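Raw run_27.tsv, TSV, C-alpha atoms:
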chain	number	residue	atom	x	y	z
A	1	MET	CA	-20.91	28.93	-70.52
A	2	LYS	CA	-22.65	25.53	-70.66
A	3	LYS	CA	-20.02	24.19	-68.30
A	4	LYS	CA	-20.77	26.95	-65.78
A	5	ILE	CA	-24.54	26.29	-65.94
A	6	LEU	CA	-24.02	22.53	-65.59
A	7	GLY	CA	-21.68	23.18	-62.64
A	8	VAL	CA	-24.28	25.41	-60.91
A	9	VAL	CA	-27.09	22.86	-61.53
A	10	PHE	CA	-24.90	20.03	-60.21
A	11	LEU	CA	-24.01	22.12	-57.14
A	12	LEU	CA	-27.72	22.83	-56.45
A	13	PHE	CA	-28.66	19.14	-56.65
A	14	PHE	CA	-25.74	18.26	-54.41
A	15	CYS	CA	-26.72	20.88	-51.80
A	16	LEU	CA	-30.40	19.83	-51.83
A	17	GLY	CA	-29.48	16.22	-51.10
A	18	SER	CA	-27.23	17.20	-48.20
A	19	LYS	CA	-28.66	17.66	-44.70
A	20	ALA	CA	-25.57	19.31	-43.31
A	21	GLN	CA	-27.34	22.60	-42.74
A	22	THR	CA	-30.58	21.12	-41.36
A	23	ASP	CA	-30.97	21.57	-37.62
A	24	ASP	CA	-33.91	19.71	-36.05
A	25	VAL	CA	-33.84	21.87	-32.92
A	26	TYR	CA	-34.58	25.10	-34.77
A	27	ILE	CA	-37.04	23.84	-37.38
A	28	GLY	CA	-38.98	21.56	-35.03
A	29	THR	CA	-38.94	18.21	-36.87
A	30	ASN	CA	-39.34	14.95	-34.97
A	31	GLU	CA	-36.87	13.04	-37.12
A	32	LYS	CA	-34.71	10.70	-35.00
A	33	ASP	CA	-31.47	9.04	-35.91
A	34	SER	CA	-32.22	5.31	-36.09
A	35	THR	CA	-28.56	4.31	-36.23
A	36	HIS	CA	-27.89	5.27	-32.59
A	37	LYS	CA	-29.39	2.94	-29.99
A	38	ALA	CA	-29.55	3.79	-26.31
A	39	GLN	CA	-27.12	1.68	-24.33
A	40	LYS	CA	-28.48	-0.39	-21.50
A	41	LYS	CA	-27.05	0.61	-18.11
A	42	ARG	CA	-25.04	-2.24	-16.59
A	43	ASP	CA	-25.99	-3.48	-13.15
A	44	THR	CA	-22.66	-3.45	-11.28
A	45	ASP	CA	-23.96	-3.28	-7.70
A	46	TRP	CA	-23.04	-6.93	-7.09
A	47	MET	CA	-19.40	-6.18	-8.01
A	48	ARG	CA	-19.14	-3.71	-5.13
A	49	LYS	CA	-19.73	-6.64	-2.75
A	50	ILE	CA	-16.75	-8.63	-4.10
A	51	THR	CA	-13.40	-8.25	-2.33
A	52	TYR	CA	-9.94	-9.58	-3.13
A	53	GLY	CA	-6.62	-9.56	-1.35
A	54	GLY	CA	-4.22	-11.78	0.52
A	55	ASN	CA	-0.70	-12.06	1.84
A	56	VAL	CA	2.69	-12.33	0.14
A	57	GLN	CA	6.02	-13.01	1.84
A	58	ALA	CA	9.45	-13.77	0.37
A	59	ILE	CA	12.99	-14.28	1.68
A	60	PHE	CA	15.90	-15.24	-0.59
A	61	GLY	CA	19.40	-16.45	0.27
A	62	SER	CA	20.78	-19.55	2.00
A	63	TYR	CA	17.28	-19.71	3.53
A	64	THR	CA	14.60	-19.21	0.88
A	65	TYR	CA	10.97	-18.80	1.85
A	66	VAL	CA	7.99	-17.92	-0.37
A	67	TYR	CA	4.43	-17.62	0.95
A	68	LEU	CA	1.41	-16.78	-1.22
A	69	SER	CA	-2.15	-16.55	0.04
A	70	PRO	CA	-4.58	-14.91	-2.43
A	71	THR	CA	-8.21	-14.54	-1.31
A	72	ILE	CA	-11.55	-13.61	-2.78
A	73	GLY	CA	-14.49	-12.58	-0.62
A	74	TYR	CA	-18.08	-11.43	-0.60
A	75	ILE	CA	-19.95	-8.95	1.60
A	76	PRO	CA	-23.44	-10.43	2.20
A	77	PHE	CA	-24.28	-7.89	4.93
A	78	LYS	CA	-22.98	-4.42	5.76
A	79	ASN	CA	-20.26	-5.35	8.29
A	80	LEU	CA	-19.58	-8.99	7.31
A	81	ASN	CA	-16.98	-10.23	4.82
A	82	VAL	CA	-16.68	-13.98	4.09
A	83	GLY	CA	-14.22	-15.54	1.70
A	84	ILE	CA	-11.99	-18.35	0.56
A	85	GLY	CA	-8.39	-18.54	-0.50
A	86	PHE	CA	-5.43	-20.66	-1.49
A	87	ILE	CA	-2.22	-21.08	0.50
A	88	TYR	CA	1.16	-21.99	-1.00
A	89	SER	CA	4.39	-22.10	0.98
A	90	TYR	CA	7.88	-23.08	-0.18
A	91	ALA	CA	10.93	-23.23	2.08
A	92	SER	CA	14.49	-24.23	1.22
A	93	VAL	CA	17.51	-24.29	3.55
A	94	ASN	CA	21.10	-24.76	2.36
A	95	TYR	CA	23.20	-26.41	5.09
A	96	ASN	CA	26.61	-25.60	3.42
A	97	GLY	CA	28.14	-28.97	2.57
A	98	PHE	CA	25.43	-31.02	4.24
A	99	GLY	CA	22.89	-30.54	1.45
A	100	ARG	CA	19.72	-28.61	0.88
A	101	VAL	CA	16.36	-29.37	2.49
A	102	THR	CA	13.17	-28.19	0.76
A	103	GLN	CA	9.55	-28.29	1.80
A	104	THR	CA	6.33	-27.40	0.00
A	105	ILE	CA	3.02	-26.84	1.76
A	106	TYR	CA	-0.28	-25.96	0.12
A	107	GLY	CA	-3.98	-25.98	0.84
A	108	GLY	CA	-6.99	-23.77	1.23
A	109	HIS	CA	-8.61	-21.55	3.79
A	110	SER	CA	-11.88	-19.80	4.50
A	111	TYR	CA	-12.66	-16.85	6.73
A	112	ALA	CA	-15.45	-14.75	8.21
A	113	ARG	CA	-14.56	-11.20	9.24
A	114	TYR	CA	-17.02	-9.00	11.16
A	115	PHE	CA	-16.27	-5.28	11.43
A	116	VAL	CA	-17.20	-3.85	14.83
A	117	ASN	CA	-16.64	-0.34	13.43
A	118	GLU	CA	-14.78	1.20	10.47
A	119	SER	CA	-11.37	0.02	11.69
A	120	PHE	CA	-11.61	-2.93	14.10
A	121	PHE	CA	-12.81	-6.45	13.30
A	122	VAL	CA	-13.10	-9.94	14.76
A	123	GLN	CA	-12.30	-12.93	12.59
A	124	GLY	CA	-12.66	-16.70	12.43
A	125	GLN	CA	-10.56	-18.67	9.96
A	126	PHE	CA	-10.23	-22.33	8.95
A	127	ASP	CA	-7.10	-23.56	7.15
A	128	ARG	CA	-6.52	-27.05	5.75
A	129	LEU	CA	-2.93	-27.70	4.66
A	130	LEU	CA	-1.15	-30.61	3.02
A	131	GLN	CA	2.23	-30.63	4.74
A	132	PRO	CA	5.13	-33.00	5.49
A	133	ASN	CA	4.67	-35.55	8.25
A	134	VAL	CA	7.73	-34.75	10.36
A	135	TYR	CA	7.17	-37.83	12.55
A	136	ASN	CA	7.48	-40.41	9.77
A	137	PHE	CA	11.24	-41.08	9.77
A	138	SER	CA	10.97	-44.05	7.39
A	139	ASN	CA	9.32	-41.93	4.66
A	140	PRO	CA	10.35	-38.25	4.94
A	141	ASN	CA	8.36	-37.39	1.79
A	142	GLU	CA	4.99	-38.40	3.27
A	143	LYS	CA	2.47	-35.56	3.48
A	144	VAL	CA	-0.65	-35.34	5.66
A	145	TRP	CA	-3.61	-32.98	5.85
A	146	VAL	CA	-3.63	-30.82	8.98
A	147	ASP	CA	-6.57	-28.61	10.04
A	148	TYR	CA	-6.20	-25.24	11.75
A	149	THR	CA	-9.01	-23.28	13.39
A	150	LEU	CA	-7.98	-19.70	14.08
A	151	ILE	CA	-9.82	-16.94	15.94
A	152	GLY	CA	-8.78	-13.41	16.65
A	153	GLY	CA	-9.16	-9.85	15.55
A	154	GLY	CA	-7.42	-6.99	13.92
A	155	TYR	CA	-7.26	-3.52	12.48
A	156	ARG	CA	-8.04	-2.17	9.00
A	157	GLN	CA	-6.18	0.91	7.74
A	158	SER	CA	-7.63	2.46	4.57
A	159	ILE	CA	-5.12	3.27	1.83
A	160	GLY	CA	-7.64	4.45	-0.75
A	161	LYS	CA	-11.31	4.55	-1.58
A	162	ARG	CA	-11.60	0.77	-2.09
A	163	ALA	CA	-8.37	-0.65	-0.55
A	164	ALA	CA	-6.95	-1.25	2.92
A	165	LEU	CA	-4.13	-2.89	4.83
A	166	ILE	CA	-5.27	-5.57	7.26
A	167	THR	CA	-3.30	-6.39	10.43
A	168	SER	CA	-4.52	-9.23	12.63
A	169	LEU	CA	-3.53	-11.32	15.63
A	170	MET	CA	-4.90	-14.87	15.47
A	171	ILE	CA	-4.76	-17.83	17.87
A	172	ASN	CA	-4.75	-21.47	16.72
A	173	VAL	CA	-7.42	-23.03	18.95
A	174	THR	CA	-6.78	-26.56	17.57
A	175	PRO	CA	-3.01	-26.99	17.99
A	176	SER	CA	-1.49	-30.39	17.27
A	177	SER	CA	2.01	-31.87	17.23
A	178	LEU	CA	2.05	-31.33	13.43
A	179	SER	CA	1.11	-27.63	13.63
A	180	ILE	CA	3.43	-25.37	11.67
A	181	TYR	CA	1.75	-22.17	12.87
A	182	PRO	CA	3.16	-20.45	15.94
A	183	ASN	CA	0.75	-19.29	18.63
A	184	PRO	CA	-0.24	-16.44	18.37
A	185	ILE	CA	-0.05	-15.69	14.63
A	186	PHE	CA	0.57	-12.14	13.46
A	187	GLN	CA	-0.67	-11.45	9.92
A	188	ILE	CA	-0.41	-8.44	7.61
A	189	GLY	CA	-2.33	-8.44	4.37
A	190	PHE	CA	-4.16	-6.41	1.76
A	191	VAL	CA	-7.85	-6.21	0.84
A	192	GLY	CA	-9.45	-4.34	-2.03
A	193	GLY	CA	-12.74	-4.08	-3.88
A	194	PHE	CA	-14.08	-3.28	-7.32

Can the structure in the file be given as structure tokens, please?
Amino acid sequence: MKKKILGVVFLLFFCLGSKAQTDDVYIGTNEKDSTHKAQKKRDTDWMRKITYGGNVQAIFGSYTYVYLSPTIGYIPFKNLNVGIGFIYSYASVNYNGFGRVTQTIYGGHSYARYFVNESFFVQGQFDRLLQPNVYNFSNPNEKVWVDYTLIGGGYRQSIGKRAALITSLMINVTPSSLSIYPNPIFQIGFVGGF
């Protein structure tokens, strides 16, 4: 009997110390949980103005060609996108018995793209590439910096809420004897945002 009374007393003390059945909404207390802190809302508006994208090309076989051009951009105004990027190009040709010729070109570029409407844009681009000097026959490994100023325009085709394919036709307005770009230049790339 004593065990039953002790068990009931213990159960009463246990239930009094528990707040499992207390509901602040119905009894009107102002008690707040101090362990939960309100989270500060992150300001992510600036991230919506950042863009990324670029071009990738690859061919493999007796002629191997790899072209990488990642870009990152910023939208300072509604219809303007400016950015910078890196260019890397590798080409290798196997002349079957006469050896293999390889060439590596790299550098940087910057661009300004203005959207006339949702789809069409005009663009200016400046590329600076370190490339082989094809006119130095005494030292075929010599490389020189060559500048390219490109202007043109293109078309943007949305492929999602924050992504698009970019197609452009550019003209090199500063051609030189060392230019590796054809005139005009047809480009297809990708652009996305956060």

May I have the residues within 12 Å of stretch 119-128 of chain A as a compact mmCIF listing (two decimals) with C-alpha atoms, in the frame of the given file, using only C-alpha atoms and disregarding those fewer than 5 positions away in the same chain?
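Listing of around_29.txt after writing:
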# COMPACT_ATOMS: atom_id res chain seq x y z
CA SER A 69 -2.15 -16.55 0.04
CA ASN A 79 -20.26 -5.35 8.29
CA LEU A 80 -19.58 -8.99 7.31
CA ASN A 81 -16.98 -10.23 4.82
CA VAL A 82 -16.68 -13.98 4.09
CA GLY A 83 -14.22 -15.54 1.70
CA ILE A 84 -11.99 -18.35 0.56
CA GLY A 85 -8.39 -18.54 -0.50
CA PHE A 86 -5.43 -20.66 -1.49
CA ILE A 87 -2.22 -21.08 0.50
CA TYR A 88 1.16 -21.99 -1.00
CA ILE A 105 3.02 -26.84 1.76
CA TYR A 106 -0.28 -25.96 0.12
CA GLY A 107 -3.98 -25.98 0.84
CA GLY A 108 -6.99 -23.77 1.23
CA HIS A 109 -8.61 -21.55 3.79
CA SER A 110 -11.88 -19.80 4.50
CA TYR A 111 -12.66 -16.85 6.73
CA ALA A 112 -15.45 -14.75 8.21
CA ARG A 113 -14.56 -11.20 9.24
CA TYR A 114 -17.02 -9.00 11.16
CA VAL A 144 -0.65 -35.34 5.66
CA TRP A 145 -3.61 -32.98 5.85
CA VAL A 146 -3.63 -30.82 8.98
CA ASP A 147 -6.57 -28.61 10.04
CA TYR A 148 -6.20 -25.24 11.75
CA THR A 149 -9.01 -23.28 13.39
CA LEU A 150 -7.98 -19.70 14.08
CA ILE A 151 -9.82 -16.94 15.94
CA GLY A 152 -8.78 -13.41 16.65
CA GLY A 153 -9.16 -9.85 15.55
CA GLY A 154 -7.42 -6.99 13.92
CA TYR A 155 -7.26 -3.52 12.48
CA ARG A 156 -8.04 -2.17 9.00
CA GLN A 157 -6.18 0.91 7.74
CA SER A 158 -7.63 2.46 4.57
CA ALA A 164 -6.95 -1.25 2.92
CA LEU A 165 -4.13 -2.89 4.83
CA ILE A 166 -5.27 -5.57 7.26
CA THR A 167 -3.30 -6.39 10.43
CA SER A 168 -4.52 -9.23 12.63
CA LEU A 169 -3.53 -11.32 15.63
CA MET A 170 -4.90 -14.87 15.47
CA ILE A 171 -4.76 -17.83 17.87
CA ASN A 172 -4.75 -21.47 16.72
CA VAL A 173 -7.42 -23.03 18.95
CA THR A 174 -6.78 -26.56 17.57
CA SER A 179 1.11 -27.63 13.63
CA ILE A 180 3.43 -25.37 11.67
CA TYR A 181 1.75 -22.17 12.87
CA ILE A 185 -0.05 -15.69 14.63

Problem - A:Glu142 surroundings by all atoms listed in the file, 12 Å radius, close-in-sequence under 3 positions cut, as a ChimeraX atom specification - result: /A:103-105,130-139,145

Handout entry: One-decimal distance in Å that lies between atom CA of A:Gly53 and atom CA of A:Gly160
Key =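 Separation between atom CA of A:Gly160 and atom CA of A:Gly53: 14.1 Å.
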
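With atom CA of A:Ser92 on one side and atom CA of A:Ser62 on the other, the separation reads 7.9 Å.
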
Put a box with edges along x, y and z around all the listed atoms of stretch 44-63 of chain A, pad it by 8 Å on each side, then give me its centre and sizes in Å, one decimal, as JSON.
{"center_x": -1.6, "center_y": -11.5, "center_z": -3.9, "size_x": 60.7, "size_y": 32.4, "size_z": 30.8}

Practice task
Could you pull out every residue with an atom within 8 Å of (2.0, -10.8, 1.4), file coordinates, counting only C-alpha atoms, and send them as a PyMOL selection string?
Solution key: chain A and resi 54-57+67-69+188-190

Fill in the blank from the handout: Separating atom CA of A:Thr64 from atom CA of A:Val93, to the nearest tenth of an Å, is a gap of 6.4 Å
